[in-house]
$ cat upload.txt   # compact mmCIF, C-alpha atoms and all ligand atoms
# COMPACT_ATOMS: atom_id res chain seq x y z
CA MET Z 1 16.79 -32.66 -0.70
CA LYS Z 2 14.84 -29.43 -1.19
CA LYS Z 3 15.84 -26.77 1.32
CA LYS Z 4 13.01 -25.55 3.54
CA THR Z 5 12.21 -21.89 3.02
CA ASN Z 6 12.49 -19.43 5.88
CA ILE Z 7 9.55 -17.08 6.33
CA LEU Z 8 9.47 -14.22 8.79
CA LEU Z 9 6.12 -13.10 10.21
CA ILE Z 10 6.05 -9.48 11.26
CA TYR Z 11 3.19 -8.76 13.61
CA THR Z 12 2.17 -5.11 13.82
CA GLY Z 13 -1.35 -5.54 15.28
CA GLY Z 14 -4.84 -5.32 13.82
CA THR Z 15 -7.96 -7.44 14.25
CA ILE Z 16 -6.10 -10.58 13.25
CA GLY Z 17 -4.39 -10.62 16.63
CA MET Z 18 -7.05 -9.03 18.79
CA VAL Z 19 -9.19 -10.33 21.62
CA LYS Z 20 -12.30 -8.92 23.23
CA ASP Z 21 -11.91 -7.00 26.45
CA TYR Z 22 -14.80 -8.55 28.36
CA LYS Z 23 -15.28 -5.47 30.52
CA THR Z 24 -15.73 -2.99 27.70
CA GLY Z 25 -16.53 -5.26 24.77
CA ALA Z 26 -13.88 -3.46 22.67
CA LEU Z 27 -11.27 -5.31 20.65
CA LYS Z 28 -7.65 -4.86 21.75
CA ALA Z 29 -4.35 -6.27 20.55
CA PHE Z 30 -2.71 -9.28 22.18
CA ASN Z 31 0.75 -10.76 21.72
CA PHE Z 32 2.34 -12.76 18.94
CA GLU Z 33 2.79 -16.03 20.89
CA GLU Z 34 -0.94 -16.09 21.54
CA LEU Z 35 -1.59 -15.58 17.86
CA VAL Z 36 0.54 -18.57 16.85
CA LYS Z 37 -1.02 -20.68 19.63
CA ASN Z 38 -4.40 -20.00 18.08
CA ILE Z 39 -3.36 -21.42 14.72
CA PRO Z 40 -1.76 -24.82 15.41
CA GLU Z 41 -2.03 -25.53 11.65
CA LEU Z 42 1.01 -23.29 11.15
CA LYS Z 43 3.18 -26.18 12.35
CA GLN Z 44 2.09 -28.27 9.36
CA LEU Z 45 3.48 -25.81 6.83
CA ASP Z 46 6.55 -26.91 4.95
CA CYS Z 47 8.70 -23.93 5.90
CA ASN Z 48 10.59 -22.55 8.88
CA LEU Z 49 8.52 -19.84 10.50
CA ARG Z 50 9.84 -17.20 12.79
CA GLY Z 51 8.16 -14.11 14.15
CA VAL Z 52 9.00 -10.58 15.14
CA SER Z 53 6.41 -8.42 16.81
CA PHE Z 54 5.93 -4.74 17.48
CA ASP Z 55 6.57 -4.19 21.20
CA ASP Z 56 3.10 -2.74 21.46
CA PRO Z 57 0.91 -4.01 18.63
CA ILE Z 58 -1.35 -1.30 17.26
CA ASP Z 59 -4.73 -0.83 15.70
CA SER Z 60 -3.77 0.25 12.19
CA SER Z 61 -5.62 3.55 12.60
CA ASN Z 62 -2.55 4.52 14.63
CA MET Z 63 -0.21 3.68 11.76
CA ASN Z 64 2.27 6.35 10.64
CA PRO Z 65 5.57 6.77 8.73
CA HIS Z 66 7.58 6.02 11.87
CA TYR Z 67 6.03 2.53 12.05
CA TRP Z 68 6.60 2.07 8.30
CA SER Z 69 10.28 2.65 8.85
CA VAL Z 70 10.20 0.12 11.72
CA ILE Z 71 8.70 -2.48 9.35
CA ALA Z 72 11.27 -1.58 6.67
CA SER Z 73 14.11 -1.91 9.20
CA ILE Z 74 12.91 -5.34 10.34
CA ILE Z 75 12.84 -6.52 6.71
CA GLU Z 76 16.29 -5.04 6.09
CA GLU Z 77 17.77 -6.68 9.18
CA HIS Z 78 16.35 -10.11 8.35
CA TYR Z 79 16.52 -9.90 4.55
CA HIS Z 80 19.40 -12.30 3.95
CA ASP Z 81 18.23 -14.98 6.39
CA ASN Z 82 14.72 -15.22 5.02
CA ASP Z 83 13.10 -16.14 1.71
CA GLY Z 84 9.91 -14.21 2.31
CA PHE Z 85 8.04 -11.95 4.71
CA VAL Z 86 4.44 -11.83 5.85
CA VAL Z 87 3.32 -8.65 7.56
CA LEU Z 88 0.26 -8.96 9.81
CA HIS Z 89 -1.47 -5.62 9.81
CA GLY Z 90 -4.87 -4.10 10.53
CA SER Z 91 -6.97 -3.86 7.40
CA ASP Z 92 -8.03 -0.22 7.90
CA THR Z 93 -4.79 1.35 6.68
CA MET Z 94 -3.20 -1.72 5.15
CA SER Z 95 -3.28 -0.36 1.60
CA TYR Z 96 -1.41 2.77 2.72
CA SER Z 97 1.28 0.80 4.59
CA ALA Z 98 1.69 -1.79 1.89
CA SER Z 99 1.95 0.94 -0.77
CA ALA Z 100 4.48 2.83 1.36
CA LEU Z 101 6.62 -0.26 1.81
CA SER Z 102 6.55 -0.97 -1.92
CA PHE Z 103 8.30 2.37 -2.47
CA MET Z 104 10.60 2.11 0.54
CA LEU Z 105 11.99 -1.29 -0.54
CA GLU Z 106 13.90 -0.68 -3.76
CA ASN Z 107 15.28 -3.67 -5.73
CA LEU Z 108 13.16 -6.06 -3.70
CA GLU Z 109 13.73 -9.65 -4.81
CA LYS Z 110 11.72 -11.45 -2.17
CA PRO Z 111 8.00 -11.49 -1.36
CA VAL Z 112 6.62 -9.14 1.26
CA ILE Z 113 2.96 -10.00 1.80
CA PHE Z 114 0.60 -7.92 3.89
CA THR Z 115 -2.42 -9.63 5.35
CA GLY Z 116 -4.91 -9.32 8.18
CA SER Z 117 -8.51 -10.24 8.85
CA GLN Z 118 -11.99 -8.88 9.42
CA LEU Z 119 -12.68 -11.17 12.38
CA PRO Z 120 -10.26 -11.87 15.26
CA ILE Z 121 -8.33 -15.11 15.24
CA GLY Z 122 -10.28 -16.52 18.20
CA ASP Z 123 -13.63 -16.06 16.48
CA LEU Z 124 -15.28 -19.24 15.22
CA ARG Z 125 -15.93 -17.79 11.76
CA THR Z 126 -12.59 -16.04 11.51
CA ASP Z 127 -11.05 -15.29 8.13
CA ALA Z 128 -7.65 -14.95 9.80
CA LYS Z 129 -6.54 -18.56 9.40
CA GLU Z 130 -7.03 -18.78 5.67
CA ASN Z 131 -5.53 -15.36 5.08
CA LEU Z 132 -2.46 -16.09 7.17
CA ILE Z 133 -1.83 -19.66 6.02
CA THR Z 134 -2.20 -18.86 2.31
CA SER Z 135 -0.06 -15.72 2.62
CA ILE Z 136 2.71 -17.86 4.09
CA GLU Z 137 2.32 -20.45 1.34
CA ILE Z 138 2.56 -17.76 -1.34
CA ALA Z 139 5.58 -16.18 0.36
CA ALA Z 140 7.24 -19.60 0.36
CA LEU Z 141 6.70 -20.29 -3.38
CA GLN Z 142 9.99 -20.86 -5.17
CA LYS Z 143 10.98 -21.60 -8.75
CA ARG Z 144 14.52 -22.78 -9.53
CA GLY Z 145 15.66 -21.71 -6.08
CA LYS Z 146 14.28 -18.16 -6.43
CA PRO Z 147 11.11 -16.64 -4.94
CA VAL Z 148 8.24 -16.62 -7.42
CA LEU Z 149 7.01 -13.27 -6.14
CA GLN Z 150 9.50 -10.44 -5.92
CA GLU Z 151 7.34 -7.52 -4.86
CA VAL Z 152 5.04 -6.27 -2.13
CA GLY Z 153 1.63 -7.95 -2.21
CA LEU Z 154 -1.59 -7.83 -0.23
CA TYR Z 155 -3.50 -11.05 0.39
CA PHE Z 156 -7.15 -11.12 1.45
CA GLU Z 157 -9.99 -13.54 0.81
CA TYR Z 158 -8.44 -15.83 -1.79
CA LYS Z 159 -6.63 -13.15 -3.79
CA LEU Z 160 -3.15 -11.75 -3.77
CA TYR Z 161 -2.96 -8.28 -5.26
CA ARG Z 162 -0.11 -5.94 -6.04
CA ALA Z 163 -0.12 -3.98 -2.78
CA ASN Z 164 0.15 -0.52 -4.28
CA ARG Z 165 -2.88 -1.15 -6.49
CA THR Z 166 -5.25 -1.92 -3.63
CA THR Z 167 -7.92 -0.04 -1.71
CA LYS Z 168 -10.03 -1.12 1.24
CA ILE Z 169 -13.54 -1.21 -0.18
CA ASN Z 170 -15.64 -2.80 2.55
CA ALA Z 171 -15.71 -2.52 6.32
CA GLU Z 172 -17.65 -5.76 6.84
CA HIS Z 173 -17.22 -8.18 3.98
CA PHE Z 174 -14.44 -10.74 4.08
CA GLU Z 175 -13.63 -9.48 0.61
CA ALA Z 176 -12.42 -6.19 2.05
CA PHE Z 177 -9.98 -5.13 -0.68
CA ASP Z 178 -10.03 -4.61 -4.38
CA SER Z 179 -7.60 -3.66 -7.07
CA LEU Z 180 -9.70 -2.15 -9.81
CA ASN Z 181 -6.92 -1.14 -12.14
CA TYR Z 182 -4.76 -4.26 -11.97
CA PRO Z 183 -5.68 -7.97 -11.94
CA PRO Z 184 -4.85 -10.30 -9.03
CA LEU Z 185 -1.34 -11.77 -9.05
CA VAL Z 186 -2.33 -15.05 -7.42
CA GLU Z 187 -5.72 -16.68 -6.86
CA SER Z 188 -6.27 -19.32 -4.25
CA GLY Z 189 -8.67 -22.18 -4.91
CA VAL Z 190 -7.92 -25.87 -4.79
CA HIS Z 191 -4.55 -24.83 -6.22
CA LEU Z 192 -2.64 -21.60 -6.03
CA LYS Z 193 -2.94 -20.06 -9.47
CA VAL Z 194 -0.03 -17.70 -10.11
CA HIS Z 195 -0.58 -15.24 -12.96
CA GLN Z 196 3.03 -15.01 -14.08
CA ASN Z 197 2.30 -12.37 -16.71
CA TYR Z 198 1.14 -9.90 -14.11
CA LEU Z 199 4.11 -10.19 -11.78
CA ILE Z 200 6.79 -7.51 -11.77
CA LYS Z 201 9.56 -8.52 -14.14
CA LYS Z 202 13.01 -7.74 -12.84
CA VAL Z 203 15.03 -6.06 -15.57
CA THR Z 204 18.04 -5.25 -13.46
CA LYS Z 205 19.22 -8.41 -11.74
CA ASN Z 206 21.47 -8.67 -8.70
CA LYS Z 207 21.05 -5.13 -7.46
CA SER Z 208 21.06 -5.21 -3.72
CA LEU Z 209 18.11 -4.12 -1.63
CA ARG Z 210 17.99 -0.40 -0.86
CA VAL Z 211 15.79 0.61 2.01
CA HIS Z 212 14.52 4.19 2.05
CA LYS Z 213 13.29 5.04 5.50
CA LYS Z 214 12.70 8.73 5.14
CA MET Z 215 9.13 9.63 4.30
CA ASP Z 216 8.33 13.35 4.14
CA ASN Z 217 4.84 14.05 5.41
CA ARG Z 218 4.55 17.63 4.17
CA VAL Z 219 1.69 16.38 2.01
CA ALA Z 220 -2.11 16.56 1.98
CA ILE Z 221 -5.14 15.13 0.20
CA LEU Z 222 -8.06 17.26 -0.94
CA LYS Z 223 -11.18 15.61 -2.32
CA LEU Z 224 -13.29 17.88 -4.53
CA PHE Z 225 -17.06 18.02 -4.07
CA PRO Z 226 -19.71 20.15 -5.74
CA GLY Z 227 -20.01 23.25 -3.58
CA ILE Z 228 -16.44 23.30 -2.30
CA ASN Z 229 -15.84 26.85 -1.17
CA GLN Z 230 -12.96 29.15 -1.77
CA ASN Z 231 -11.89 29.25 1.88
CA VAL Z 232 -11.50 25.49 2.03
CA LEU Z 233 -9.34 25.40 -1.07
CA GLN Z 234 -7.36 28.44 -0.02
CA SER Z 235 -6.67 27.17 3.47
CA VAL Z 236 -5.30 23.88 2.10
CA LEU Z 237 -3.15 25.55 -0.55
CA GLU Z 238 -1.75 27.92 2.06
CA ILE Z 239 -0.67 25.29 4.59
CA PRO Z 240 2.82 26.46 5.55
CA ASP Z 241 5.58 24.37 4.02
CA LEU Z 242 3.21 22.07 2.12
CA LYS Z 243 5.19 20.33 -0.66
CA ALA Z 244 2.69 18.08 -2.41
CA LEU Z 245 -1.09 17.93 -2.66
CA ILE Z 246 -3.08 14.96 -3.93
CA LEU Z 247 -6.13 16.54 -5.58
CA GLU Z 248 -8.93 13.98 -5.89
CA THR Z 249 -10.81 15.17 -8.93
CA TYR Z 250 -13.93 13.92 -10.69
CA GLY Z 251 -14.02 11.15 -13.29
CA ALA Z 252 -11.15 11.33 -15.75
CA GLY Z 253 -9.43 14.13 -13.79
CA ASN Z 254 -11.97 16.91 -14.10
CA ALA Z 255 -12.47 19.95 -11.87
CA PRO Z 256 -14.69 23.05 -11.74
CA MET Z 257 -13.90 25.84 -14.18
CA ASP Z 258 -14.64 28.71 -11.77
CA GLU Z 259 -12.08 31.42 -12.12
CA TRP Z 260 -11.31 31.59 -8.38
CA PHE Z 261 -10.64 27.86 -8.38
CA LEU Z 262 -8.34 27.80 -11.39
CA ASN Z 263 -6.48 30.94 -10.30
CA ALA Z 264 -5.80 29.53 -6.84
CA ILE Z 265 -4.48 26.26 -8.28
CA LYS Z 266 -2.35 28.12 -10.84
CA LYS Z 267 -0.80 30.34 -8.20
CA ALA Z 268 -0.02 27.40 -5.92
CA VAL Z 269 1.71 25.52 -8.75
CA GLU Z 270 3.71 28.65 -9.66
CA ASN Z 271 4.75 28.90 -6.02
CA GLY Z 272 6.22 25.41 -6.21
CA LEU Z 273 3.47 23.18 -4.81
CA HIS Z 274 3.32 19.80 -6.57
CA ILE Z 275 -0.37 19.13 -7.24
CA ILE Z 276 -1.13 15.58 -8.29
CA ASN Z 277 -4.35 14.95 -10.19
CA VAL Z 278 -5.86 11.66 -9.04
CA THR Z 279 -9.40 10.51 -9.80
CA GLN Z 280 -11.80 10.00 -6.92
CA CYS Z 281 -13.30 7.04 -8.84
CA SER Z 282 -12.18 3.66 -7.53
CA GLY Z 283 -11.27 2.49 -11.01
CA GLY Z 284 -10.11 4.04 -14.27
CA SER Z 285 -7.64 6.74 -15.02
CA VAL Z 286 -7.04 10.49 -15.20
CA PHE Z 287 -6.95 11.70 -18.78
CA MET Z 288 -6.23 15.42 -18.67
CA GLY Z 289 -7.40 17.27 -21.74
CA HIS Z 290 -10.14 14.80 -22.58
CA TYR Z 291 -12.78 17.24 -21.29
CA GLU Z 292 -12.72 21.00 -21.21
CA THR Z 293 -12.90 20.71 -17.40
CA SER Z 294 -9.42 19.25 -17.22
CA GLU Z 295 -7.70 21.14 -20.04
CA LYS Z 296 -6.64 24.01 -17.82
CA LEU Z 297 -5.22 21.62 -15.22
CA LYS Z 298 -3.07 20.11 -17.93
CA GLU Z 299 -1.88 23.53 -19.05
CA MET Z 300 -1.00 24.38 -15.46
CA GLN Z 301 1.31 21.38 -15.37
CA LEU Z 302 -0.52 19.42 -12.73
CA VAL Z 303 1.13 16.07 -12.14
CA ASN Z 304 -0.79 13.32 -13.94
CA GLY Z 305 -1.70 10.63 -11.41
CA LYS Z 306 -3.04 8.44 -14.26
CA ASP Z 307 -4.57 5.28 -12.73
CA ILE Z 308 -2.81 5.44 -9.37
CA THR Z 309 -4.79 4.91 -6.15
CA THR Z 310 -4.92 7.70 -3.58
CA GLU Z 311 -3.09 5.43 -1.13
CA ALA Z 312 -0.23 4.88 -3.57
CA ALA Z 313 -0.21 8.55 -4.60
CA ILE Z 314 0.18 9.93 -1.09
CA THR Z 315 2.88 7.41 -0.13
CA LYS Z 316 4.72 7.91 -3.43
CA ALA Z 317 4.74 11.65 -2.79
CA MET Z 318 6.11 11.11 0.73
CA TYR Z 319 8.75 8.75 -0.64
CA LEU Z 320 9.87 11.05 -3.46
CA LEU Z 321 10.05 14.07 -1.17
CA GLY Z 322 11.87 11.94 1.42
CA THR Z 323 14.54 10.94 -1.09
CA GLY Z 324 15.07 14.62 -1.89
CA VAL Z 325 14.01 14.51 -5.54
CA PRO Z 326 14.71 17.97 -7.03
CA ASP Z 327 11.57 20.03 -7.62
CA LYS Z 328 12.29 20.16 -11.35
CA LEU Z 329 12.18 16.36 -11.62
CA PHE Z 330 9.27 15.65 -9.30
CA LYS Z 331 6.58 15.67 -12.00
CA THR Z 332 8.53 13.46 -14.41
CA ILE Z 333 9.47 10.94 -11.75
CA PHE Z 334 6.00 10.87 -10.24
CA GLU Z 335 4.52 10.12 -13.67
CA THR Z 336 6.94 7.21 -14.10
CA PRO Z 337 5.88 3.82 -12.73
CA LEU Z 338 8.44 2.88 -10.08
CA ARG Z 339 6.95 -0.30 -8.56
CA GLY Z 340 4.12 -1.15 -10.94
CA GLU Z 341 1.80 1.31 -9.17
CA MET Z 342 0.57 3.00 -12.39
CA VAL Z 343 0.59 2.51 -16.13
N1 LIG D 401 -9.30 -1.49 13.21
C1 LIG D 401 -8.60 -2.65 12.74
C2 LIG D 401 -7.24 -2.20 12.22
O1 LIG D 401 -7.14 -1.74 11.13
C3 LIG D 401 -9.37 -3.33 11.67
C4 LIG D 401 -8.72 -4.58 11.12
O2 LIG D 401 -7.70 -5.06 11.53
O3 LIG D 401 -9.27 -5.12 10.14
O4 LIG D 401 -6.28 -2.33 12.93
$ encode --input "upload.txt" --output "structure tokens"
Amino acid sequence: MKKKTNILLIYTGGTIGMVKDYKTGALKAFNFEELVKNIPELKQLDCNLRGVSFDDPIDSSNMNPHYWSVIASIIEEHYHDNDGFVVLHGSDTMSYSASALSFMLENLEKPVIFTGSQLPIGDLRTDAKENLITSIEIAALQKRGKPVLQEVGLYFEYKLYRANRTTKINAEHFEAFDSLNYPPLVESGVHLKVHQNYLIKKVTKNKSLRVHKKMDNRVAILKLFPGINQNVLQSVLEIPDLKALILETYGAGNAPMDEWFLNAIKKAVENGLHIINVTQCSGGSVFMGHYETSEKLKEMQLVNGKDITTEAAITKAMYLLGTGVPDKLFKTIFETPLRGEMV
């Protein structure tokens, strides 16, 4: 007889598990037992479900690297007893957390699926049920006794994406996420359609899970805009002890050619700041040298963020700095895809 799969639900908070405070009208988190009570359908699933909850579930706007390491520790502790994990998380910062976890969990051979909802579970029109039930079904998929999915995914509104390729694109629509530079891994219709070709292929088998819990937050993001003034740039570049800066540039990685701008960037790079060139477009890639406006950045040895999302870039920087990557290797390693987050 086929063995039932064990799936662990990790409840961190977010709208999916919130109720309305009738006095103030604001949404606030409630506990995990209540959440499961609200979805009796969970009992019909053909897998053993267990749950672990944050002591105090949070709105994901309060998410931070400490909580990421709590999620990573829960997965580590329960890794051998479970076939898959579903992380219930607020949608606001879900792409950051899911990207962070993709880096923190090295040699992952089991599915870790982040999901949440736009409407609370108790709401008549809630999207929480479908998101949660299908996430569990995907986490439970097995082929020849092995999990079909062996990476961190994000499931929302009928699509499972590679987590570190996603961005929250809409604050109201049920289709709240997109992955413009990588196709969905699984689509849910009458059947679950798994796109095998897009899944991460494990080249090194039987390496045990390594969990990296140290994330170094000496990082910043600066989005360029026409009219950015020298003081703004200067004050960011001079943040004491800053190690890495995600520079959100225009289009294919382009930036102004003003002398003050280029000189400030050049000096910061020479002083050891890792500046990562990421496009502020939602889709497409940095291509330094394609235009005159990015040639100098290439010459200055800016790190090429290629088609990475800002969410994946900032968490990758935190992860690499946290693992103590030597300064000399930072650029080369950053430009190498580690978990399918870039080309
Ligand atoms: N503010 C909520 C959160 O991110 C929104 C949601 O869950 O969708 O926690």
$ residues_near_ligand --input "upload.txt" --ligand "ligand LIG 401 (chain D)" --cutoff "10 Å" --atoms "all atoms listed in the file" --output "PDB file with C-alpha atoms, in the frame of the given file"
ATOM      1  CA  THR Z  12       2.170  -5.110  13.820  1.00  0.00           C
ATOM      2  CA  GLY Z  13      -1.350  -5.540  15.280  1.00  0.00           C
ATOM      3  CA  GLY Z  14      -4.840  -5.320  13.820  1.00  0.00           C
ATOM      4  CA  THR Z  15      -7.960  -7.440  14.250  1.00  0.00           C
ATOM      5  CA  ILE Z  16      -6.100 -10.580  13.250  1.00  0.00           C
ATOM      6  CA  GLY Z  17      -4.390 -10.620  16.630  1.00  0.00           C
ATOM      7  CA  MET Z  18      -7.050  -9.030  18.790  1.00  0.00           C
ATOM      8  CA  LEU Z  27     -11.270  -5.310  20.650  1.00  0.00           C
ATOM      9  CA  LYS Z  28      -7.650  -4.860  21.750  1.00  0.00           C
ATOM     10  CA  ALA Z  29      -4.350  -6.270  20.550  1.00  0.00           C
ATOM     11  CA  PRO Z  57       0.910  -4.010  18.630  1.00  0.00           C
ATOM     12  CA  ILE Z  58      -1.350  -1.300  17.260  1.00  0.00           C
ATOM     13  CA  ASP Z  59      -4.730  -0.830  15.700  1.00  0.00           C
ATOM     14  CA  SER Z  60      -3.770   0.250  12.190  1.00  0.00           C
ATOM     15  CA  SER Z  61      -5.620   3.550  12.600  1.00  0.00           C
ATOM     16  CA  ASN Z  62      -2.550   4.520  14.630  1.00  0.00           C
ATOM     17  CA  MET Z  63      -0.210   3.680  11.760  1.00  0.00           C
ATOM     18  CA  LEU Z  88       0.260  -8.960   9.810  1.00  0.00           C
ATOM     19  CA  HIS Z  89      -1.470  -5.620   9.810  1.00  0.00           C
ATOM     20  CA  GLY Z  90      -4.870  -4.100  10.530  1.00  0.00           C
ATOM     21  CA  SER Z  91      -6.970  -3.860   7.400  1.00  0.00           C
ATOM     22  CA  ASP Z  92      -8.030  -0.220   7.900  1.00  0.00           C
ATOM     23  CA  THR Z  93      -4.790   1.350   6.680  1.00  0.00           C
ATOM     24  CA  MET Z  94      -3.200  -1.720   5.150  1.00  0.00           C
ATOM     25  CA  THR Z 115      -2.420  -9.630   5.350  1.00  0.00           C
ATOM     26  CA  GLY Z 116      -4.910  -9.320   8.180  1.00  0.00           C
ATOM     27  CA  SER Z 117      -8.510 -10.240   8.850  1.00  0.00           C
ATOM     28  CA  GLN Z 118     -11.990  -8.880   9.420  1.00  0.00           C
ATOM     29  CA  LEU Z 119     -12.680 -11.170  12.380  1.00  0.00           C
ATOM     30  CA  PRO Z 120     -10.260 -11.870  15.260  1.00  0.00           C
ATOM     31  CA  ALA Z 128      -7.650 -14.950   9.800  1.00  0.00           C
ATOM     32  CA  LYS Z 168     -10.030  -1.120   1.240  1.00  0.00           C
ATOM     33  CA  ALA Z 171     -15.710  -2.520   6.320  1.00  0.00           C
ATOM     34  CA  GLU Z 172     -17.650  -5.760   6.840  1.00  0.00           C
ATOM     35  CA  PHE Z 174     -14.440 -10.740   4.080  1.00  0.00           C
ATOM     36  CA  ALA Z 176     -12.420  -6.190   2.050  1.00  0.00           C
TER      37      ALA Z 176
END
$ residues_around --input "upload.txt" --residues "Leu321 of chain Z" --least-positions-apart "3" --cutoff "8 Å" --atoms "only C-alpha atoms" --output "list in words"
Met215, Asp216, Lys243, Ala317, Met318, Gly324 and Val325 of chain Z
$ residues_around --input "upload.txt" --residues "Asp46 of chain Z" --least-positions-apart "6" --cutoff "9 Å" --atoms "all atoms listed in the file" --output "PyMOL selection string"
chain Z and resi 4-5+137+140
$ closest_residue --input "upload.txt" --among "Z:Asp21, Z:Glu33, Z:Glu311, Z:Glu106" --to "Thr323 of chain Z" --atoms "all atoms listed in the file"
Z:Glu106
$ residues_near_point --input "upload.txt" --point "(-11.1, -16.8, 3.6)" --cutoff "12 Å" --atoms "all atoms listed in the file" --output "VMD selection string"
chain Z and resid 115 to 119 125 to 135 155 to 160 173 to 176 187 to 189
$ atom_distance --input "upload.txt" --atom1 "atom CA of Pro183 of chain Z" --atom2 "atom CA of Tyr161 of chain Z"
7.2 Å
$ atom_distance --input "upload.txt" --atom1 "atom CA of Ala268 of chain Z" --atom2 "atom CA of Ala252 of chain Z"
21.9 Å
$ residues_near_point --input "upload.txt" --point "(4.3, 25.6, -5.6)" --cutoff "10 Å" --atoms "only C-alpha atoms" --output "number ranges by chain"
Z: 237, 241-245, 265-275, 327
